[in-house]
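K.L.:
Encoded as structure tokens, here's the structure I'll be asking about.
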Amino acid sequence: MSFLNGITLLLVYQLVGEVAVRLAGLPIPGPVLGMVLLFLTLLVRGRAPASVDQAASALLSHLSLLFVPAGVGMMVHFSRIADEWLPITLALLLSTVITMVATALIMQVTSRWFARPLDSGGQGDE
């Protein structure tokens, strides 16, 4: 019964996120907002309930099954992928490079933002 309670709670957060996104017209997926709300709730609580932990562990143990629909989609559309391999490859490579550069820049900005100055007195290394 604990698994059922945990999966229900996860799905409720997903539903709340979906409804909030649709009502507010936000440009993000509802499940992402639901996940952020769940994270904030768990952060405030300080721990995850045993039911959520059990449900999350069960879902993660079967994570590979979630890739089956993507693999089937690729097989169904294999001829189209073969016909348009160059634009697909360029889009994948370019988006990967842009993501890596954006992540590095954001990491640098946040590192500087959270870093505390070592020398607040204005004196150099001694």
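Residue numbering restarts at 1 for every chain of the structure tokens, chains are lettered A, B, ... in their displayed order, and ligands are numbered from 1 as they appear.
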Where in chain A does DSSP assign alpha helix (DSSP H), given as a PyMOL selection string?

P.N.:
chain A and resi 2-24+30-45+50-61+68-76+78-83+85-114

K.L.:
Would you output that residue set with C-alpha atoms, as a compact mmCIF listing (two decimals), in the first residue's frame?

P.N.:
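Generated file (out_38.txt):
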```txt
# COMPACT_ATOMS: atom_id res chain seq x y z
CA SER A 2 2.96 2.28 0.60
CA PHE A 3 3.95 2.17 -3.08
CA LEU A 4 0.43 3.14 -4.11
CA ASN A 5 0.45 6.11 -1.75
CA GLY A 6 3.83 7.25 -3.08
CA ILE A 7 2.94 6.95 -6.75
CA THR A 8 -0.36 8.74 -6.07
CA LEU A 9 1.51 11.61 -4.45
CA LEU A 10 3.92 11.84 -7.39
CA LEU A 11 1.02 11.87 -9.85
CA VAL A 12 -0.84 14.51 -7.82
CA TYR A 13 2.19 16.80 -8.00
CA GLN A 14 2.37 16.19 -11.75
CA LEU A 15 -1.33 17.04 -12.06
CA VAL A 16 -0.96 20.19 -9.98
CA GLY A 17 1.94 21.29 -12.16
CA GLU A 18 -0.02 20.58 -15.35
CA VAL A 19 -3.08 22.50 -14.14
CA ALA A 20 -0.97 25.43 -12.94
CA VAL A 21 0.87 25.66 -16.27
CA ARG A 22 -2.37 25.57 -18.25
CA LEU A 23 -4.09 28.15 -16.04
CA ALA A 24 -1.11 30.51 -15.95
CA GLY A 30 3.49 20.82 -16.37
CA PRO A 31 5.39 17.79 -15.05
CA VAL A 32 8.52 19.94 -14.71
CA LEU A 33 6.64 22.47 -12.56
CA GLY A 34 5.17 19.59 -10.57
CA MET A 35 8.67 18.21 -9.99
CA VAL A 36 9.87 21.64 -8.81
CA LEU A 37 6.91 21.88 -6.43
CA LEU A 38 7.65 18.37 -5.12
CA PHE A 39 11.31 19.31 -4.65
CA LEU A 40 10.35 22.45 -2.71
CA THR A 41 7.96 20.44 -0.54
CA LEU A 42 10.63 17.85 0.22
CA LEU A 43 13.13 20.63 0.91
CA VAL A 44 10.79 22.20 3.46
CA ARG A 45 10.02 18.84 5.05
CA ALA A 50 8.86 6.37 2.94
CA SER A 51 6.04 5.91 0.42
CA VAL A 52 7.58 8.42 -2.01
CA ASP A 53 11.00 6.85 -1.53
CA GLN A 54 9.60 3.40 -2.27
CA ALA A 55 7.71 4.60 -5.37
CA ALA A 56 10.71 6.52 -6.70
CA SER A 57 13.00 3.53 -6.18
CA ALA A 58 10.57 1.24 -8.02
CA LEU A 59 10.30 3.68 -10.93
CA LEU A 60 14.06 4.11 -11.14
CA SER A 61 14.63 0.36 -11.11
CA VAL A 68 11.20 1.51 -25.28
CA PRO A 69 8.69 3.99 -26.79
CA ALA A 70 11.53 6.18 -28.07
CA GLY A 71 13.23 3.16 -29.64
CA VAL A 72 9.99 2.05 -31.27
CA GLY A 73 9.45 5.57 -32.61
CA MET A 74 12.90 5.54 -34.16
CA MET A 75 12.23 2.18 -35.82
CA VAL A 76 8.86 3.32 -37.14
CA PHE A 78 13.68 4.92 -39.68
CA SER A 79 13.23 5.76 -43.37
CA ARG A 80 12.61 9.43 -42.58
CA ILE A 81 15.62 9.51 -40.27
CA ALA A 82 17.72 7.92 -43.03
CA ASP A 83 16.49 10.52 -45.54
CA TRP A 85 20.24 12.26 -41.36
CA LEU A 86 22.34 15.36 -42.10
CA PRO A 87 19.97 18.00 -40.62
CA ILE A 88 19.23 15.72 -37.67
CA THR A 89 22.93 15.17 -36.99
CA LEU A 90 23.72 18.88 -37.31
CA ALA A 91 20.84 19.81 -35.01
CA LEU A 92 21.98 17.27 -32.40
CA LEU A 93 25.61 18.38 -32.54
CA LEU A 94 24.79 22.09 -32.49
CA SER A 95 22.29 21.78 -29.66
CA THR A 96 24.79 19.71 -27.65
CA VAL A 97 27.54 22.30 -28.09
CA ILE A 98 25.18 25.18 -27.26
CA THR A 99 23.97 23.36 -24.15
CA MET A 100 27.53 22.65 -22.99
CA VAL A 101 28.60 26.28 -23.54
CA ALA A 102 25.48 27.63 -21.81
CA THR A 103 25.99 25.27 -18.87
CA ALA A 104 29.65 26.30 -18.52
CA LEU A 105 28.78 30.00 -18.63
CA ILE A 106 25.97 29.61 -16.11
CA MET A 107 28.28 27.62 -13.85
CA GLN A 108 30.91 30.38 -14.00
CA VAL A 109 28.35 33.09 -13.25
CA THR A 110 26.84 31.20 -10.32
CA SER A 111 30.27 30.26 -8.97
CA ARG A 112 31.27 33.92 -8.92
CA TRP A 113 27.94 34.88 -7.45
CA PHE A 114 28.20 32.43 -4.56
```
